[in-house]
Amino acid sequence: MTKTDLAAAVNLSRTTVSEAFQNDGPVPSASTVVALARAMRLPVDEMLPLRRIAAGEAKPTAMLDRGPGRPIGEWHPHDLEVHPAAPALSMQLSSYVPRAHDRVLAAAVRHVTEGKSRMLILIGSSSTGKTRACWEAVQPLAAEGWRLWHPFDPTRVDAALADLRHVLPRTVVWLNEAQHYLGDPRVGERIAAAVHGLLTEPARGPVLVLGTLWPEYAKQYTELPRPNEVDPRSRTRELLAGRTVTVAEAFDQKALTSAAALAETGDELLAQALKHSSDDGRVTQNLAGAPELLRCYENGTPPVRALLAAAMDARRLGVGLHLPQGFLIDAAADYLDDHDYDELTEDWAEAAFADLARPVHGKRAPLRRTTARLRRQLPGSRTPADAPLAGAGPVFRLADYLEQHGRSDRARLCPPASFWAAAYTHLTRPDDLGNLARAARSRQRLQWAHHLFQKAADVSDAQALVELAEMRKRAGDTEGANAIYEQAADVGHPDALMELAKARDNGGDCEGAIALYQRAADAGSTLALLQLAKARRDAGDVDTAEALYQQAVDAGHKTALLDVAGLRAEAGDVESAEALYDRAADAIAPVTLIRLFEVRVTLAQAQGRAINLDGSDVLYRRAAESGDPIGLVLLAKRRLASADISETEALYQRIIDTGDTDALLELAQLRLSDRDVEGAMNLYRQAADSGNTTGMVLLATMQHAFEDSEEAEVQYRRAADAGDLASLQLLADAHLRRGDTKGAEDLYQRAIDGGDTLAALELARMREKTGDTSGAEALYQEAANAGHTETSLVSRWPYGLDADGTPSDPWN
């Protein structure tokens with residue numbers, strides 16, 4: 001190759017290439033080095049550090065550093081799980097169309113180039129372009145010599161735990177499908193802590209951590225625990241706080257215009273995707289082959305559809321990624337009608353699995369064979385619960401898009417008998433059995449729930465024992481329930497120990513209860529610590545009580561600080577108590593500030609001091625000044641309680657200025673309390689016009705009250721069209737009030753079709769009143785099949801339902 005040939009091959013000027021080879025010439029840019037190194041088959045990961053040394057950007061010792069990963073330029077996007085676009089162009093990506101989330105990614109990249117570590121997790125449904133967006137975002141770092149590390153070998157969690165501590169500066173940590181890391185039940189919290197340490201230790205930066213999550217996982221990881229509930233994901237929630245960005249399901253008009261322009265210049269992939277996305281803007285899903293996947297399901301042979309339906313139901317009801325072939329074959333039987341079942345040939349399963357193994361438009365196959373990695377253990381080690389059993393047969397994985405489609409499309413369906421029988425016969429992982437048992441119980445399939453819980457208990461799942469005991473307890477078998485609680489307590493399950501302790505407590509055996517509470521506390525129950533502390537406090541052992549409350553604080557139960565403060569106050573140590581209240585104000589969420597204020601009032605009364613009703617303002621203002629909208633609302637309500645209307649309205653206006661349309665509703669309530677009906681309706685209308693569905697419903701409710709039924713129904717319909725299914729029920733009620741039974745039924749049915757099981761119950765009751773008992777029963781069963789656990793359904797079928805939906809006969 002001459003330099004002229006080389007220049008043409010890498011699309012650089014002849015002068016740039018010549019200067020790159022001059023010993024006394026300027027140091028070539030990083031992008032030039034990458035291009036030339038690739039063309040000449042030189043190691044990019046060695047050339048880029050040499051360039052940095054030559055440019056004076058690094059010392060020669062940097063060459064000795066070898067952390068995990070390799071230069072970004074050496075990765076192919078498909079190796080990082082970017083969806084292929086089409087089989088004919090499997091190595092090619094479509095042109096990229098930037099969207100709103102790309103601006104946030106670009107800012108993060110800009111920050112790391114300035115020496116600051118950053119993390120972003122993209123939240124979005126399957127095939128919305130999350131991984132591709134991350135890939136595009138890191139391209140500027142490739143020219144700067146950054147590395148990229150994708151922990152996946154031997155498993156994702158094993159790689160992350162082993163090497164997170166070895167990550168060097170100027171590395172992108174690639175956590176695609178972050179649920180496999182953060183959601184691992186054994187080590188997810190440890191991984192979250194390790195990532196947090198990587199981000200917060202200045203000497204280890206700059207690094208960029210990028211990941212993706214489906215919305216349901218993000219919601220699960222960031223939800224606050226209920227009061228007095230153990231917090232299993234505190235580190236993960238703290239890690240994700242302020243570090244997520246949502247990826248829209250569809251292209252907005254600006255993105256669609258950009259995509260159309262690129263399609264017109266010759267991008268055939270985008271042109272094809274846009275052709276199928278004209279109505280909903282779901283361009284990335286079309287690029288990823290979603291329509292073909294759905295066609296495989298909808299137009300497949302009956303055995304293909306049956307296998308896919310069984311796989312979808314298994315995943316949506318909690319079975320793990322790896323579905324045993326034997327389970328799928330046996331489960332599929334009752335998904336076929338009598339005619340299709342009679343048409344099955346001896347090799348039907350082999351032919352169906354072959355059809356499902358064919359890739360669709362370069363995407364993964366609808367149902368592909370996979371291999372779950374065995375975790376290598378030292379001799380004598382206990383096999384992890386989620387390890388596949390040797391000789392268990394082939395396992396299969398459902399395509400992500402079909403899995404998500406099944407979660408919505410089949411949400412109101414309950415699997416047939418063959419599904420439950422196959423699960424009982426073939427599944428062995430405690431998590432799979434427990435999840436399916438809970439799904440069966442919520443759908444009133446109580447016998448299958450019992451058998452699946454029992455099988456999970458037989459493979460050492462103590463939680464299954466606890467839930468079996470709860471079923472016995474609800475059925476009135478207290479003696480049988482306690483016997484099973486004893487079994488779970490023998491293996492140290494804290495919930496079982498707590499139940500037995502409460503039973504002893506209620507029976508007057510205080511010593512026995514305290515012993516069981518202690519065992520539960522030793523097993524990790526924060527509630528048991530609080531019970532022990534209360535018992536010691538009642539017995540006058542204040543020092544031990546305080547130590548136990550402090551243990552609860554250390555375990556994450558921050559409200560126990562108030563109990564410690566109360567003990568100090570009772571002992572007359574007012575100064576220490578006040579200091580603890582201040583500490584609590586810093587540690588506890590703003591919504592608990594009211595309780596904190598009430599405790600302070602109690603303390604003042606106990607000490608015979610004047611009660612300063614304005615004292616809470618300090619707490620509320622602290623939250624408000626930090627920009628917390630909850631704090632602003634609480635402060636506004638405190639000022640309203642003191643009849644300071646002008647400051648209250650000013651505070652709500654501050655909240656409204658932040659874009660919080662819910663504050664318009666609060667301010668409207670304030671206007672109503674001052675009998676300013678017109679002012680309130682104007683605010684509700686402003687909220688409605690801003691897209692706030694609650695504002696639409698409240699405006700409609702007021703319009704009904706003032707006899708403007710026609711305008712009210714317009715608002716109810718707006719709310720329904722915006723996705724508020726409850727407004728359909730309100731609109732149906734309005735139709736009922738004027739005697740339009742048919743209109744009400746149509747609206748209830750529309751809500752049901754949208755997935756609102758409460759509407760099914762309302763329509764069932766309506767039909768029951770009109771004497772349509774069979775129609776009502778079908779709707780009640782529909783609600784049960786969707787997993788609705790309302791008390792009226794439980795009492796309707798005391799022995800549960802059979803798999804086909806008919807009421808079960810009495811059973812033991």
# chains A, B, ... in the order shown; residues from 1 in each chain; ligands from 1
$ select_by_dssp --residues "segment 200-324 of chain A" --states "strand (DSSP E)" --output "PyMOL selection string"
chain A and resi 207-213+244-246+323-324
$ write_last_selection --atoms "C-alpha atoms" --output "short mmCIF file (atom, residue, chain, number, x, y, z; two decimals), in the first residue's frame"
data_model
loop_
_atom_site.label_atom_id
_atom_site.label_comp_id
_atom_site.auth_asym_id
_atom_site.auth_seq_id
_atom_site.Cartn_x
_atom_site.Cartn_y
_atom_site.Cartn_z
CA VAL A 207 -15.69 6.86 34.13
CA LEU A 208 -19.03 6.68 32.35
CA VAL A 209 -21.57 4.03 33.41
CA LEU A 210 -24.34 3.43 30.88
CA GLY A 211 -27.22 0.99 31.18
CA THR A 212 -30.78 0.22 30.12
CA LEU A 213 -33.92 -0.95 31.96
CA THR A 244 -32.17 7.84 34.82
CA VAL A 245 -33.60 9.24 31.59
CA THR A 246 -36.75 8.04 29.87
CA LEU A 323 -37.89 -22.33 29.83
CA PRO A 324 -37.41 -26.13 29.79
#
$ residues_around --residues "segment 510-519 of chain A" --least-positions-apart "4" --cutoff "12 Å" --atoms "only C-alpha atoms" --output "ChimeraX atom specification"
/A:486,489-506,523-536,538-539,548
$ write_last_selection --atoms "N, CA and C atoms" --output "CSV table (one decimal), in the first residue's frame"
chain,number,residue,atom,x,y,z
A,486,GLU,N,-44.1,-23.4,62.1
A,486,GLU,CA,-43.1,-24.0,62.9
A,486,GLU,C,-42.0,-24.6,61.9
A,489,ALA,N,-40.1,-21.7,60.6
A,489,ALA,CA,-39.3,-21.1,61.7
A,489,ALA,C,-38.0,-21.9,62.0
A,490,ASP,N,-38.1,-23.3,61.8
A,490,ASP,CA,-37.0,-24.1,62.1
A,490,ASP,C,-35.8,-23.8,61.1
A,491,VAL,N,-36.1,-23.3,60.0
A,491,VAL,CA,-35.0,-22.9,59.0
A,491,VAL,C,-34.8,-21.4,59.1
A,492,GLY,N,-35.3,-20.7,60.1
A,492,GLY,CA,-35.0,-19.3,60.4
A,492,GLY,C,-35.7,-18.3,59.5
A,493,HIS,N,-36.9,-18.6,59.0
A,493,HIS,CA,-37.6,-17.6,58.2
A,493,HIS,C,-38.2,-16.5,59.1
A,494,PRO,N,-37.8,-15.2,59.0
A,494,PRO,CA,-38.2,-14.2,59.9
A,494,PRO,C,-39.7,-14.0,60.0
A,495,ASP,N,-40.4,-14.1,58.9
A,495,ASP,CA,-41.9,-13.9,58.9
A,495,ASP,C,-42.6,-15.0,59.7
A,496,ALA,N,-42.1,-16.2,59.6
A,496,ALA,CA,-42.7,-17.3,60.3
A,496,ALA,C,-42.4,-17.1,61.8
A,497,LEU,N,-41.2,-16.7,62.2
A,497,LEU,CA,-40.9,-16.4,63.6
A,497,LEU,C,-41.8,-15.3,64.1
A,498,MET,N,-42.0,-14.3,63.3
A,498,MET,CA,-42.9,-13.2,63.8
A,498,MET,C,-44.3,-13.6,64.0
A,499,GLU,N,-44.8,-14.5,63.1
A,499,GLU,CA,-46.2,-15.0,63.3
A,499,GLU,C,-46.3,-15.8,64.6
A,500,LEU,N,-45.4,-16.7,64.8
A,500,LEU,CA,-45.4,-17.5,66.0
A,500,LEU,C,-45.2,-16.6,67.3
A,501,ALA,N,-44.4,-15.6,67.2
A,501,ALA,CA,-44.2,-14.7,68.3
A,501,ALA,C,-45.5,-13.9,68.6
A,502,LYS,N,-46.2,-13.4,67.6
A,502,LYS,CA,-47.4,-12.7,67.8
A,502,LYS,C,-48.5,-13.7,68.4
A,503,ALA,N,-48.5,-14.9,68.0
A,503,ALA,CA,-49.4,-15.9,68.6
A,503,ALA,C,-49.1,-16.1,70.1
A,504,ARG,N,-47.8,-16.2,70.4
A,504,ARG,CA,-47.5,-16.3,71.8
A,504,ARG,C,-47.8,-15.1,72.6
A,505,ASP,N,-47.6,-13.9,72.0
A,505,ASP,CA,-47.9,-12.7,72.6
A,505,ASP,C,-49.4,-12.6,72.9
A,506,ASN,N,-50.2,-12.9,71.9
A,506,ASN,CA,-51.7,-12.8,72.1
A,506,ASN,C,-52.1,-13.9,73.1
A,523,ALA,N,-32.6,-13.0,62.5
A,523,ALA,CA,-32.7,-13.4,61.1
A,523,ALA,C,-32.9,-12.2,60.1
A,524,GLY,N,-32.8,-11.0,60.7
A,524,GLY,CA,-32.9,-9.8,59.8
A,524,GLY,C,-34.2,-9.0,59.8
A,525,SER,N,-35.1,-9.3,60.7
A,525,SER,CA,-36.4,-8.6,60.8
A,525,SER,C,-36.3,-7.3,61.6
A,526,THR,N,-36.4,-6.2,60.9
A,526,THR,CA,-36.4,-4.9,61.6
A,526,THR,C,-37.6,-4.8,62.5
A,527,LEU,N,-38.8,-5.3,62.0
A,527,LEU,CA,-40.0,-5.2,62.9
A,527,LEU,C,-39.8,-5.9,64.2
A,528,ALA,N,-39.1,-7.0,64.1
A,528,ALA,CA,-38.8,-7.8,65.4
A,528,ALA,C,-38.0,-6.9,66.3
A,529,LEU,N,-37.0,-6.2,65.8
A,529,LEU,CA,-36.2,-5.3,66.6
A,529,LEU,C,-37.1,-4.3,67.3
A,530,LEU,N,-38.1,-3.7,66.6
A,530,LEU,CA,-39.0,-2.7,67.2
A,530,LEU,C,-39.9,-3.4,68.3
A,531,GLN,N,-40.3,-4.6,68.0
A,531,GLN,CA,-41.1,-5.3,69.0
A,531,GLN,C,-40.3,-5.6,70.3
A,532,LEU,N,-39.1,-6.0,70.1
A,532,LEU,CA,-38.2,-6.2,71.3
A,532,LEU,C,-38.0,-4.9,72.0
A,533,ALA,N,-37.7,-3.9,71.3
A,533,ALA,CA,-37.5,-2.6,71.9
A,533,ALA,C,-38.7,-2.1,72.7
A,534,LYS,N,-39.9,-2.3,72.2
A,534,LYS,CA,-41.1,-1.9,72.9
A,534,LYS,C,-41.3,-2.8,74.2
A,535,ALA,N,-41.0,-4.1,74.0
A,535,ALA,CA,-41.1,-4.9,75.2
A,535,ALA,C,-40.1,-4.5,76.3
A,536,ARG,N,-38.9,-4.2,75.9
A,536,ARG,CA,-37.9,-3.7,76.9
A,536,ARG,C,-38.3,-2.4,77.5
A,538,ASP,N,-41.4,-1.3,77.8
A,538,ASP,CA,-42.5,-1.5,78.8
A,538,ASP,C,-42.0,-2.1,80.1
A,539,ALA,N,-40.9,-2.9,80.0
A,539,ALA,CA,-40.4,-3.5,81.2
A,539,ALA,C,-39.5,-2.5,82.0
A,548,LEU,N,-31.8,-1.3,70.9
A,548,LEU,CA,-32.5,-2.0,69.9
A,548,LEU,C,-33.1,-1.0,68.9
$ atom_distance --atom1 "atom CA of Asp252 of chain A" --atom2 "atom CA of Ala100 of chain A"
9.3 Å
$ residues_around --residues "Ala462 of chain A" --least-positions-apart "4" --cutoff "7 Å" --atoms "only C-alpha atoms" --output "list in words"
Ala457, Val466, Ala488 and His493 of chain A
$ select_by_dssp --residues "segment 104-242 of chain A" --states "alpha helix (DSSP H)" --output "ChimeraX atom specification"
/A:104-113,130-137,139-142,156-163,179-182,188-200,215-222,234-240
$ atom_distance --atom1 "atom CA of Asp461 of chain A" --atom2 "atom CA of Pro430 of chain A"
5.9 Å
$ residues_around --residues "Leu567 of chain A" --least-positions-apart "2" --cutoff "12 Å" --atoms "only C-alpha atoms" --output "MDAnalysis selection string"
chainID A and resid 533:534 536:538 540:547 549:550 560:565 569:574 576:578 580:581 599 603
$ residues_around --residues "Thr236 of chain A" --least-positions-apart "5" --cutoff "9 Å" --atoms "only C-alpha atoms" --output "mmCIF file with N, CA, C and O atoms, in the first residue's frame"
data_model
loop_
_atom_site.group_PDB
_atom_site.id
_atom_site.type_symbol
_atom_site.label_atom_id
_atom_site.label_comp_id
_atom_site.auth_asym_id
_atom_site.auth_seq_id
_atom_site.Cartn_x
_atom_site.Cartn_y
_atom_site.Cartn_z
ATOM 1 N N LEU A 182 -28.442 -5.348 38.677
ATOM 2 C CA LEU A 182 -29.027 -4.749 39.879
ATOM 3 C C LEU A 182 -30.165 -5.579 40.436
ATOM 4 O O LEU A 182 -30.472 -5.485 41.633
ATOM 5 N N GLY A 183 -30.805 -6.375 39.613
ATOM 6 C CA GLY A 183 -31.948 -7.149 40.074
ATOM 7 C C GLY A 183 -31.603 -8.533 40.575
ATOM 8 O O GLY A 183 -32.497 -9.270 41.002
ATOM 9 N N GLY A 188 -27.372 -8.246 43.816
ATOM 10 C CA GLY A 188 -27.719 -6.983 43.164
ATOM 11 C C GLY A 188 -27.326 -5.766 43.982
ATOM 12 O O GLY A 188 -26.811 -4.775 43.450
ATOM 13 N N GLU A 189 -27.557 -5.835 45.301
ATOM 14 C CA GLU A 189 -27.218 -4.706 46.163
ATOM 15 C C GLU A 189 -25.701 -4.502 46.245
ATOM 16 O O GLU A 189 -25.211 -3.374 46.314
ATOM 17 N N ARG A 190 -24.958 -5.604 46.207
ATOM 18 C CA ARG A 190 -23.490 -5.484 46.235
ATOM 19 C C ARG A 190 -22.981 -4.816 44.959
ATOM 20 O O ARG A 190 -22.058 -3.991 45.005
ATOM 21 N N ILE A 191 -23.586 -5.173 43.829
ATOM 22 C CA ILE A 191 -23.175 -4.552 42.565
ATOM 23 C C ILE A 191 -23.504 -3.066 42.583
ATOM 24 O O ILE A 191 -22.705 -2.228 42.159
ATOM 25 N N ALA A 192 -24.706 -2.710 43.096
ATOM 26 C CA ALA A 192 -25.082 -1.293 43.188
ATOM 27 C C ALA A 192 -24.084 -0.531 44.047
ATOM 28 O O ALA A 192 -23.672 0.586 43.702
ATOM 29 N N ALA A 193 -23.668 -1.124 45.157
ATOM 30 C CA ALA A 193 -22.701 -0.459 46.030
ATOM 31 C C ALA A 193 -21.349 -0.298 45.342
ATOM 32 O O ALA A 193 -20.682 0.740 45.469
ATOM 33 N N TYR A 221 -37.382 -1.167 41.255
ATOM 34 C CA TYR A 221 -36.157 -0.850 41.985
ATOM 35 C C TYR A 221 -36.216 0.490 42.705
ATOM 36 O O TYR A 221 -35.420 0.737 43.618
ATOM 37 N N THR A 222 -37.118 1.381 42.284
ATOM 38 C CA THR A 222 -37.127 2.730 42.874
ATOM 39 C C THR A 222 -38.296 2.970 43.810
ATOM 40 O O THR A 222 -38.368 4.014 44.438
ATOM 41 N N ALA A 241 -31.179 7.126 41.768
ATOM 42 C CA ALA A 241 -31.780 8.446 42.003
ATOM 43 C C ALA A 241 -31.037 9.523 41.205
ATOM 44 O O ALA A 241 -29.826 9.706 41.357
#
$ residues_around --residues "Thr757 of chain A" --least-positions-apart "3" --cutoff "9 Å" --atoms "only C-alpha atoms" --output "JSON, numbers by chain"
{"A": [412, 751, 752, 754, 760, 761, 762, 782, 783, 784, 786, 787, 788]}
$ write_last_selection --atoms "all heavy atoms" --output "PDB file, in the first residue's frame"
ATOM      1  N   ARG A 412     -55.295 -10.466  30.653  1.00  0.00           N
ATOM      2  CA  ARG A 412     -56.583 -10.826  31.245  1.00  0.00           C
ATOM      3  C   ARG A 412     -56.907 -12.309  31.092  1.00  0.00           C
ATOM      4  O   ARG A 412     -58.034 -12.728  31.349  1.00  0.00           O
ATOM      5  CB  ARG A 412     -57.697  -9.988  30.611  1.00  0.00           C
ATOM      6  CG  ARG A 412     -57.603  -8.517  30.982  1.00  0.00           C
ATOM      7  CD  ARG A 412     -58.276  -7.609  29.971  1.00  0.00           C
ATOM      8  NE  ARG A 412     -59.624  -8.017  29.641  1.00  0.00           N
ATOM      9  CZ  ARG A 412     -60.257  -7.679  28.523  1.00  0.00           C
ATOM     10  NH1 ARG A 412     -59.654  -6.929  27.629  1.00  0.00           N
ATOM     11  NH2 ARG A 412     -61.488  -8.091  28.292  1.00  0.00           N
ATOM     12  N   ALA A 751     -63.595   0.268  28.933  1.00  0.00           N
ATOM     13  CA  ALA A 751     -62.618   0.269  30.027  1.00  0.00           C
ATOM     14  C   ALA A 751     -62.038  -1.124  30.235  1.00  0.00           C
ATOM     15  O   ALA A 751     -60.835  -1.291  30.466  1.00  0.00           O
ATOM     16  CB  ALA A 751     -63.272   0.764  31.314  1.00  0.00           C
ATOM     17  N   ILE A 752     -62.901  -2.142  30.124  1.00  0.00           N
ATOM     18  CA  ILE A 752     -62.432  -3.529  30.276  1.00  0.00           C
ATOM     19  C   ILE A 752     -61.432  -3.862  29.175  1.00  0.00           C
ATOM     20  O   ILE A 752     -60.371  -4.453  29.424  1.00  0.00           O
ATOM     21  CB  ILE A 752     -63.630  -4.503  30.229  1.00  0.00           C
ATOM     22  CG1 ILE A 752     -64.522  -4.299  31.459  1.00  0.00           C
ATOM     23  CG2 ILE A 752     -63.151  -5.948  30.163  1.00  0.00           C
ATOM     24  CD1 ILE A 752     -65.878  -4.973  31.345  1.00  0.00           C
ATOM     25  N   GLY A 754     -59.506  -1.928  27.750  1.00  0.00           N
ATOM     26  CA  GLY A 754     -58.256  -1.224  28.036  1.00  0.00           C
ATOM     27  C   GLY A 754     -57.476  -1.818  29.181  1.00  0.00           C
ATOM     28  O   GLY A 754     -56.385  -1.355  29.502  1.00  0.00           O
ATOM     29  N   ALA A 760     -64.713  -4.382  34.950  1.00  0.00           N
ATOM     30  CA  ALA A 760     -65.359  -5.686  34.788  1.00  0.00           C
ATOM     31  C   ALA A 760     -66.234  -5.997  35.990  1.00  0.00           C
ATOM     32  O   ALA A 760     -67.354  -6.525  35.857  1.00  0.00           O
ATOM     33  CB  ALA A 760     -64.309  -6.779  34.588  1.00  0.00           C
ATOM     34  N   LEU A 761     -65.742  -5.668  37.175  1.00  0.00           N
ATOM     35  CA  LEU A 761     -66.532  -5.900  38.382  1.00  0.00           C
ATOM     36  C   LEU A 761     -67.774  -5.021  38.402  1.00  0.00           C
ATOM     37  O   LEU A 761     -68.863  -5.460  38.768  1.00  0.00           O
ATOM     38  CB  LEU A 761     -65.676  -5.635  39.626  1.00  0.00           C
ATOM     39  CG  LEU A 761     -64.531  -6.629  39.874  1.00  0.00           C
ATOM     40  CD1 LEU A 761     -63.673  -6.155  41.046  1.00  0.00           C
ATOM     41  CD2 LEU A 761     -65.094  -8.007  40.163  1.00  0.00           C
ATOM     42  N   GLU A 762     -67.624  -3.747  38.010  1.00  0.00           N
ATOM     43  CA  GLU A 762     -68.764  -2.836  38.000  1.00  0.00           C
ATOM     44  C   GLU A 762     -69.822  -3.323  37.003  1.00  0.00           C
ATOM     45  O   GLU A 762     -71.024  -3.322  37.296  1.00  0.00           O
ATOM     46  CB  GLU A 762     -68.313  -1.423  37.618  1.00  0.00           C
ATOM     47  CG  GLU A 762     -67.485  -0.722  38.682  1.00  0.00           C
ATOM     48  CD  GLU A 762     -68.267  -0.458  39.954  1.00  0.00           C
ATOM     49  OE1 GLU A 762     -69.505  -0.297  39.875  1.00  0.00           O
ATOM     50  OE2 GLU A 762     -67.653  -0.438  41.020  1.00  0.00           O
ATOM     51  N   GLU A 782     -63.687 -13.152  34.554  1.00  0.00           N
ATOM     52  CA  GLU A 782     -62.698 -12.385  33.791  1.00  0.00           C
ATOM     53  C   GLU A 782     -61.806 -11.582  34.736  1.00  0.00           C
ATOM     54  O   GLU A 782     -60.588 -11.503  34.550  1.00  0.00           O
ATOM     55  CB  GLU A 782     -63.408 -11.453  32.808  1.00  0.00           C
ATOM     56  CG  GLU A 782     -62.461 -10.714  31.875  1.00  0.00           C
ATOM     57  CD  GLU A 782     -63.191  -9.921  30.808  1.00  0.00           C
ATOM     58  OE1 GLU A 782     -64.359 -10.227  30.519  1.00  0.00           O
ATOM     59  OE2 GLU A 782     -62.577  -8.985  30.259  1.00  0.00           O
ATOM     60  N   ALA A 783     -62.417 -10.980  35.758  1.00  0.00           N
ATOM     61  CA  ALA A 783     -61.636 -10.222  36.744  1.00  0.00           C
ATOM     62  C   ALA A 783     -60.692 -11.155  37.509  1.00  0.00           C
ATOM     63  O   ALA A 783     -59.533 -10.808  37.767  1.00  0.00           O
ATOM     64  CB  ALA A 783     -62.563  -9.490  37.712  1.00  0.00           C
ATOM     65  N   ALA A 784     -61.181 -12.340  37.860  1.00  0.00           N
ATOM     66  CA  ALA A 784     -60.322 -13.303  38.565  1.00  0.00           C
ATOM     67  C   ALA A 784     -59.179 -13.764  37.670  1.00  0.00           C
ATOM     68  O   ALA A 784     -58.026 -13.870  38.114  1.00  0.00           O
ATOM     69  CB  ALA A 784     -61.153 -14.506  39.018  1.00  0.00           C
ATOM     70  N   ALA A 786     -57.663 -12.174  35.458  1.00  0.00           N
ATOM     71  CA  ALA A 786     -56.666 -11.106  35.335  1.00  0.00           C
ATOM     72  C   ALA A 786     -55.865 -10.915  36.621  1.00  0.00           C
ATOM     73  O   ALA A 786     -54.961 -10.089  36.661  1.00  0.00           O
ATOM     74  CB  ALA A 786     -57.355  -9.792  34.967  1.00  0.00           C
ATOM     75  N   GLY A 787     -56.223 -11.678  37.672  1.00  0.00           N
ATOM     76  CA  GLY A 787     -55.464 -11.579  38.919  1.00  0.00           C
ATOM     77  C   GLY A 787     -56.021 -10.567  39.894  1.00  0.00           C
ATOM     78  O   GLY A 787     -55.314 -10.127  40.804  1.00  0.00           O
ATOM     79  N   HIS A 788     -57.298 -10.180  39.735  1.00  0.00           N
ATOM     80  CA  HIS A 788     -57.911  -9.211  40.646  1.00  0.00           C
ATOM     81  C   HIS A 788     -58.284  -9.926  41.939  1.00  0.00           C
ATOM     82  O   HIS A 788     -58.990 -10.918  41.924  1.00  0.00           O
ATOM     83  CB  HIS A 788     -59.152  -8.588  40.010  1.00  0.00           C
ATOM     84  CG  HIS A 788     -59.493  -7.253  40.581  1.00  0.00           C
ATOM     85  ND1 HIS A 788     -59.964  -7.102  41.856  1.00  0.00           N
ATOM     86  CD2 HIS A 788     -59.394  -6.008  40.072  1.00  0.00           C
ATOM     87  CE1 HIS A 788     -60.167  -5.814  42.090  1.00  0.00           C
ATOM     88  NE2 HIS A 788     -59.824  -5.133  41.021  1.00  0.00           N
TER      89      HIS A 788
END
